[in-house]
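Shown below: model_38.csv, with CSV, C-alpha atoms.
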chain,number,residue,atom,x,y,z
A,129,GLN,CA,8.8,-16.0,7.4
A,130,LYS,CA,7.3,-13.0,5.7
A,131,GLU,CA,9.3,-9.8,5.8
A,132,VAL,CA,6.5,-8.0,7.8
A,133,GLU,CA,4.2,-9.7,10.2
A,134,GLN,CA,0.9,-8.1,11.4
A,135,ASP,CA,-2.0,-9.7,13.2
A,136,PRO,CA,-5.1,-9.3,10.9
A,137,GLY,CA,-7.5,-9.1,13.8
A,138,PRO,CA,-10.3,-8.1,13.8
A,139,LEU,CA,-9.8,-5.9,16.9
A,140,SER,CA,-12.9,-4.5,18.6
A,141,VAL,CA,-12.6,-1.9,21.3
A,142,PRO,CA,-15.1,0.5,22.9
A,143,GLU,CA,-15.1,4.2,22.0
A,144,GLY,CA,-12.7,6.3,24.0
A,145,ALA,CA,-10.3,3.4,24.6
A,146,ILE,CA,-6.6,3.4,23.7
A,147,VAL,CA,-5.8,1.2,20.7
A,148,SER,CA,-2.4,-0.5,20.3
A,149,LEU,CA,-1.5,-1.9,16.9
A,150,ASN,CA,1.8,-3.7,16.2
A,151,CYS,CA,4.1,-5.2,13.6
A,152,THR,CA,7.3,-7.1,13.6
A,153,TYR,CA,9.7,-7.3,10.7
A,154,SER,CA,12.8,-9.3,9.8
A,155,ASN,CA,14.8,-7.1,7.3
A,156,SER,CA,17.3,-5.0,9.3
A,157,ALA,CA,17.8,-2.7,6.2
A,158,PHE,CA,14.3,-1.1,6.7
A,159,GLN,CA,14.8,2.5,7.6
A,160,TYR,CA,11.4,4.1,7.0
A,161,PHE,CA,8.4,2.9,8.9
A,162,MET,CA,4.8,3.9,8.0
A,163,TRP,CA,1.2,3.4,9.1
A,164,TYR,CA,-1.5,3.6,6.5
A,165,ARG,CA,-5.2,3.6,7.1
A,166,GLN,CA,-7.5,2.0,4.6
A,167,TYR,CA,-11.3,2.4,4.6
A,168,SER,CA,-13.4,-0.2,2.8
A,169,ARG,CA,-13.2,0.1,-1.0
A,170,LYS,CA,-10.7,2.9,-0.7
A,171,GLY,CA,-6.9,3.2,-1.3
A,172,PRO,CA,-4.5,3.4,1.7
A,173,GLU,CA,-3.8,6.9,3.1
A,174,LEU,CA,-0.6,7.7,5.0
A,175,LEU,CA,-1.2,8.4,8.7
A,176,MET,CA,2.3,8.6,10.0
A,177,TYR,CA,5.9,7.8,9.1
A,178,THR,CA,9.0,7.6,11.1
A,179,TYR,CA,12.7,7.4,10.1
A,180,SER,CA,14.8,5.0,12.1
A,181,SER,CA,14.0,4.4,15.8
A,182,GLY,CA,12.0,6.6,18.1
A,183,ASN,CA,8.6,8.0,18.7
A,184,LYS,CA,6.5,10.4,16.7
A,185,GLU,CA,3.2,12.0,17.8
A,186,ASP,CA,0.5,13.6,15.8
A,187,GLY,CA,-2.7,14.5,17.5
A,188,ARG,CA,-4.3,11.3,18.9
A,189,PHE,CA,-1.8,9.1,17.1
A,190,THR,CA,1.7,8.0,18.3
A,191,ALA,CA,4.0,5.8,16.3
A,192,GLN,CA,6.9,4.0,17.9
A,193,VAL,CA,9.8,2.2,16.3
A,194,ASP,CA,12.2,-0.1,18.1
A,195,LYS,CA,14.8,-1.2,15.6
A,196,SER,CA,16.7,-3.3,18.1
A,197,SER,CA,13.6,-5.5,18.5
A,198,LYS,CA,12.4,-5.0,14.9
A,199,TYR,CA,9.0,-4.0,16.3
A,200,ILE,CA,6.8,-1.0,15.5
A,201,SER,CA,3.6,0.2,17.1
A,202,LEU,CA,0.8,2.6,16.5
A,203,PHE,CA,-1.3,4.0,19.4
A,204,ILE,CA,-4.6,5.7,19.0
A,205,ARG,CA,-5.9,7.7,22.0
A,206,ASP,CA,-9.5,8.5,22.6
A,207,SER,CA,-10.6,6.2,19.8
A,208,GLN,CA,-13.6,7.3,17.8
A,209,PRO,CA,-16.0,5.2,15.6
A,210,SER,CA,-14.6,7.0,12.6
A,211,ASP,CA,-11.2,5.3,13.4
A,212,SER,CA,-12.8,2.0,12.3
A,213,ALA,CA,-10.7,0.9,9.3
A,214,THR,CA,-7.9,-1.4,8.4
A,215,TYR,CA,-4.5,-0.2,9.6
A,216,LEU,CA,-1.5,-1.3,7.5
A,217,CYS,CA,2.0,-1.1,8.7
A,218,ALA,CA,4.6,-0.6,6.0
A,219,MET,CA,8.3,-0.1,5.7
A,220,SER,CA,11.0,0.6,3.1
A,221,ASP,CA,14.7,0.6,2.5
A,222,MET,CA,15.8,3.8,0.6
A,223,ASN,CA,18.2,1.7,-1.4
A,224,ARG,CA,15.3,-0.2,-3.0
A,225,ASP,CA,13.8,2.8,-4.8
A,226,ASP,CA,11.1,3.3,-2.2
A,227,LYS,CA,9.4,-0.1,-2.7
A,228,ILE,CA,7.1,-0.3,0.2
A,229,ILE,CA,6.6,-3.6,2.0
A,230,PHE,CA,3.2,-3.8,3.7
A,231,GLY,CA,1.9,-5.9,6.5
A,232,LYS,CA,-1.5,-7.7,6.1
A,233,GLY,CA,-3.4,-5.0,7.9
A,234,THR,CA,-5.3,-5.1,11.1
A,235,ARG,CA,-9.1,-4.6,10.9
A,236,LEU,CA,-10.1,-2.3,13.8
A,237,HIS,CA,-13.7,-1.7,15.0
A,238,ILE,CA,-14.5,1.1,17.4
A,239,LEU,CA,-17.8,0.3,19.2
A,240,PRO,CA,-20.0,3.4,20.0
B,527,GLY,CA,-6.7,19.3,-6.1
B,528,ALA,CA,-7.3,16.0,-7.8
B,529,GLY,CA,-5.8,12.9,-6.3
B,530,VAL,CA,-4.7,9.7,-8.1
B,531,SER,CA,-7.5,8.4,-10.2
B,532,GLN,CA,-7.9,4.9,-11.6
B,533,THR,CA,-10.3,3.5,-14.2
B,534,PRO,CA,-12.3,1.4,-14.4
B,535,SER,CA,-13.3,1.1,-10.7
B,536,ASN,CA,-14.5,-2.4,-11.4
B,537,LYS,CA,-13.6,-4.9,-14.2
B,538,VAL,CA,-15.1,-8.3,-14.6
B,539,THR,CA,-13.6,-10.5,-17.3
B,540,GLU,CA,-13.4,-14.1,-18.3
B,541,LYS,CA,-10.4,-16.4,-17.9
B,542,GLY,CA,-8.0,-16.0,-20.9
B,543,LYS,CA,-9.0,-12.4,-21.8
B,544,TYR,CA,-6.8,-9.4,-22.0
B,545,VAL,CA,-7.4,-6.4,-19.7
B,546,GLU,CA,-6.0,-2.9,-19.4
B,547,LEU,CA,-6.1,-0.8,-16.1
B,548,ARG,CA,-5.4,2.9,-16.2
B,549,CYS,CA,-3.9,5.2,-13.6
B,550,ASP,CA,-3.8,9.0,-13.7
B,551,PRO,CA,-1.3,10.2,-11.1
B,552,ILE,CA,-1.3,13.5,-9.4
B,553,SER,CA,-0.1,16.2,-11.8
B,554,GLY,CA,3.6,16.8,-11.5
B,555,HIS,CA,4.4,13.6,-9.7
B,556,THR,CA,7.3,11.9,-11.5
B,557,ALA,CA,7.2,8.6,-9.6
B,558,LEU,CA,4.4,6.1,-10.2
B,559,TYR,CA,3.8,2.7,-8.5
B,560,TRP,CA,1.5,-0.3,-9.1
B,561,TYR,CA,0.5,-2.6,-6.3
B,562,ARG,CA,-1.8,-5.6,-6.1
B,563,GLN,CA,-4.0,-6.2,-3.0
B,564,SER,CA,-5.6,-9.6,-2.6
B,565,LEU,CA,-8.4,-10.1,-0.2
B,566,GLY,CA,-7.2,-10.0,3.4
B,567,GLN,CA,-3.7,-9.0,2.4
B,568,GLY,CA,-1.7,-5.8,2.3
B,569,PRO,CA,-0.7,-4.3,-1.0
B,570,GLU,CA,2.1,-6.1,-2.8
B,571,PHE,CA,4.5,-4.1,-5.0
B,572,LEU,CA,4.4,-4.8,-8.7
B,573,ILE,CA,6.4,-2.1,-10.6
B,574,TYR,CA,7.8,1.4,-10.2
B,575,PHE,CA,8.2,4.1,-12.8
B,576,GLN,CA,10.5,7.1,-12.6
B,577,GLY,CA,9.3,9.3,-15.5
B,578,THR,CA,8.7,7.1,-18.5
B,579,GLY,CA,11.0,4.3,-17.6
B,580,ALA,CA,10.4,1.3,-15.4
B,581,ALA,CA,13.0,1.7,-12.6
B,582,ASP,CA,12.0,-1.6,-10.9
B,583,ASP,CA,9.7,-4.3,-12.2
B,584,SER,CA,10.8,-7.0,-9.9
B,585,GLY,CA,7.3,-7.4,-8.4
B,586,LEU,CA,5.6,-8.4,-11.7
B,587,PRO,CA,4.5,-12.0,-11.1
B,588,ASN,CA,5.2,-13.3,-14.7
B,589,ASP,CA,5.4,-12.2,-18.3
B,590,ARG,CA,1.6,-11.9,-18.6
B,591,PHE,CA,1.9,-8.6,-16.8
B,592,PHE,CA,3.2,-5.5,-18.4
B,593,ALA,CA,3.0,-1.8,-17.7
B,594,VAL,CA,3.8,1.3,-19.6
B,595,ARG,CA,4.0,5.1,-19.0
B,596,PRO,CA,4.8,6.5,-22.4
B,597,GLU,CA,4.6,10.2,-21.6
B,598,GLY,CA,5.7,10.1,-18.0
B,599,SER,CA,2.2,10.7,-16.7
B,600,VAL,CA,-0.7,8.3,-17.3
B,601,SER,CA,0.2,4.6,-16.8
B,602,THR,CA,-1.5,1.5,-18.1
B,603,LEU,CA,-1.1,-2.0,-16.5
B,604,LYS,CA,-1.8,-4.7,-19.0
B,605,ILE,CA,-2.6,-8.3,-18.2
B,606,GLN,CA,-2.7,-11.0,-20.9
B,607,ARG,CA,-4.4,-14.3,-20.7
B,608,THR,CA,-6.0,-13.5,-17.4
B,609,GLU,CA,-6.3,-16.2,-14.8
B,610,ARG,CA,-8.7,-16.6,-11.8
B,611,GLY,CA,-5.7,-16.0,-9.5
B,612,ASP,CA,-5.3,-12.5,-11.0
B,613,SER,CA,-8.5,-11.4,-9.2
B,614,ALA,CA,-7.5,-8.6,-6.8
B,615,VAL,CA,-7.6,-4.9,-6.3
B,616,TYR,CA,-4.9,-3.2,-8.4
B,617,LEU,CA,-3.7,0.0,-6.7
B,618,CYS,CA,-1.8,2.8,-8.2
B,619,ALA,CA,0.2,5.4,-6.3
B,620,SER,CA,2.3,8.4,-7.2
B,621,SER,CA,4.9,10.5,-5.4
B,622,LEU,CA,6.6,13.7,-6.1
B,623,PHE,CA,10.1,12.5,-6.8
B,624,GLY,CA,10.6,8.8,-5.8
B,625,GLU,CA,14.0,9.5,-4.4
B,626,GLY,CA,14.3,9.5,-0.7
B,627,GLN,CA,11.2,9.0,1.3
B,628,ASN,CA,8.4,10.9,-0.4
B,629,GLU,CA,4.8,10.1,0.5
B,630,GLN,CA,3.1,7.8,-1.9
B,631,PHE,CA,-0.5,8.9,-2.6
B,632,PHE,CA,-2.8,6.0,-3.5
B,633,GLY,CA,-5.8,5.9,-5.8
B,634,PRO,CA,-9.0,4.0,-5.0
B,635,GLY,CA,-7.9,1.0,-7.0
B,636,THR,CA,-9.4,-1.1,-9.8
B,637,ARG,CA,-11.2,-4.3,-8.5
B,638,LEU,CA,-10.5,-7.0,-11.1
B,639,THR,CA,-12.6,-10.2,-11.1
B,640,VAL,CA,-11.6,-13.0,-13.4
B,641,LEU,CA,-14.4,-15.5,-13.8
Please express the file's structure as structure tokens.
Amino acid sequence: QKEVEQDPGPLSVPEGAIVSLNCTYSNSAFQYFMWYRQYSRKGPELLMYTYSSGNKEDGRFTAQVDKSSKYISLFIRDSQPSDSATYLCAMSDMNRDDKIIFGKGTRLHILP
Amino acid sequence: GAGVSQTPSNKVTEKGKYVELRCDPISGHTALYWYRQSLGQGPEFLIYFQGTGAADDSGLPNDRFFAVRPEGSVSTLKIQRTERGDSAVYLCASSLFGEGQNEQFFGPGTRLTVL
């Protein structure tokens, strides 16, 4: 079992819909949880990060972490065609020098 | 300001050749990371520098891979005797300190193709 599991998709939703992206993980030492967005032929860019459990909201994006279930989510409200990209969940354990473990990424298509 | 830059953007080489990939981090960032991203996969950690020294090289797949950062700024990832399985996008990232959770800023990557 990989440390981080993420459904690669692709996921296609109509413009304006709410998008839900999820990851599960196995390492209970993970403390920092991140979502990166990656456009084609570009490097990943950090969207959101959360420390430990809880929710964090930033504009149309909400990140949730449930450490008891080892499950994290990213919600995108009022999705736009410009949100079409690959979304990578990622996590790290501070004691491991910030080495980030990434999921495979979910390809998201927002249909106009 | 300038972000992380990587050169070349694309590199095509033949099996058995030697390649060097360069990363210019954001000015002032002390921590530098190399990752490798294969098609359809997330980035996989290779090596982490704090200043000039490699603080963690546990992700390097074998001794054909080596990286340096002699002056604590620019880094070069070196691959000897390249194999077709080395084909991937090699990503570099930098962060301000590398201690605690500081955001890692990624470059656009170098797409390596080994024929």
- Item | For Gly233 (chain A), the nearest of the candidates B:Gly579, B:Gly568, B:Gly542, B:Gly529, counting all atoms listed in the file |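 Ranked by minimum distance to Gly233 (chain A), first place goes to B:Gly568.
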- Tell me which of B:Val530, B:Ala581, B:Ala593, B:Leu638 sits closest to Cys549 (chain B), counting all atoms listed in the file. B:Val530
- Message: Give me, as a VMD selection string, the residues of chain A touching chain B, with the criterion being at most 9 Å (counting all atoms listed in the file).
- Response: chain A and resid 136 160 169 to 174 177 216 to 218 220 222 to 233
- Which value, in Å to one decimal, gives the distance between CA of Ser613 (chain B) and CA of Ser599 (chain B)?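 Calculated distance between CA of Ser613 (chain B) and CA of Ser599 (chain B) is 25.7 Å.
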- Task: Please identify all polymer residues lying at most 9 Å from the point (-2.5, -13.1, -19.3) (file coordinates), using all atoms listed in the file, and present the result as an MDAnalysis selection string.
- Result: chainID B and resid 541:545 588:591 604:609 612
- Message: Neighbouring residues of Ser212 (chain A) were defined as those with any atom within 10 Å, considering all atoms listed in the file; residues of the same chain fewer than 5 positions away were excluded. Please report them as a list in words.
- Response: Leu139, Ser140, Val141, Arg165, Gln166, Tyr167, Ser168, Ser207, Arg235, Leu236, His237, Ile238 and Leu239 of chain A
Selected residues, C-alpha atoms, written as a PDB file, in the coordinates of the input, please.
ATOM      1  CA  LEU A 139      -9.800  -5.900  16.900  1.00  0.00           C
ATOM      2  CA  SER A 140     -12.900  -4.500  18.600  1.00  0.00           C
ATOM      3  CA  VAL A 141     -12.600  -1.900  21.300  1.00  0.00           C
ATOM      4  CA  ARG A 165      -5.200   3.600   7.100  1.00  0.00           C
ATOM      5  CA  GLN A 166      -7.500   2.000   4.600  1.00  0.00           C
ATOM      6  CA  TYR A 167     -11.300   2.400   4.600  1.00  0.00           C
ATOM      7  CA  SER A 168     -13.400  -0.200   2.800  1.00  0.00           C
ATOM      8  CA  SER A 207     -10.600   6.200  19.800  1.00  0.00           C
ATOM      9  CA  ARG A 235      -9.100  -4.600  10.900  1.00  0.00           C
ATOM     10  CA  LEU A 236     -10.100  -2.300  13.800  1.00  0.00           C
ATOM     11  CA  HIS A 237     -13.700  -1.700  15.000  1.00  0.00           C
ATOM     12  CA  ILE A 238     -14.500   1.100  17.400  1.00  0.00           C
ATOM     13  CA  LEU A 239     -17.800   0.300  19.200  1.00  0.00           C
TER      14      LEU A 239
END
- Pick from B:Arg595, B:Arg562, B:His555, B:Arg610, whichever lies nearest to Leu622 (chain B) using only C-alpha atoms: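 Smallest distance to Leu622 (chain B) is found for B:His555.
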- Query: Can you tell me, as a PyMOL selection string, what residues are no more than 8 Å from Leu547 (chain B) when counting all atoms listed in the file, ignoring any on the same chain fewer than 3 positions away?
  - Reply: chain B and resi 532-534+602-604+636
- Query: What is the distance, in Å and to one decimal place, between CA of Thr152 (chain A) and CA of Leu558 (chain B)?
  - Reply: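 So the two atoms, CA of Thr152 (chain A) and CA of Leu558 (chain B), lie 27.4 Å apart.
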- Choose the residue, out of A:Asp135, A:Glu143, A:Asp221, A:Asp206, that has the smallest atom-to-atom separation from Tyr179 (chain A); count all atoms listed in the file. A:Asp221
- Item | Nearest candidate to Ser181 (chain A) (options A:Met219, A:Ile200, A:Met162, A:Ala145; using only C-alpha atoms) | A:Ile200
- Interatomic distance between CA of Tyr215 (chain A) and CA of Thr234 (chain A)?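 About the pair CA of Tyr215 (chain A) and CA of Thr234 (chain A): they are 5.2 Å apart.
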- Query: Quick one: of B:Ser531, B:Glu546, B:Val640, B:Lys537, who's nearest to Phe592 (chain B), counting all atoms listed in the file?
  - Reply: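 Checking each of B:Ser531, B:Glu546, B:Val640, B:Lys537 against Phe592 (chain B), counting all atoms listed in the file, the winner is B:Glu546.
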- Task: Find the residues near Cys151 (chain A): any atom within 6 Å, counting all atoms listed in the file, skip ones fewer than 5 places away on the same chain, and give them as a list in words.
- Result: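 Surrounding residues, per the criterion: Glu133, Gln134, Tyr199 and Ile200 of chain A.
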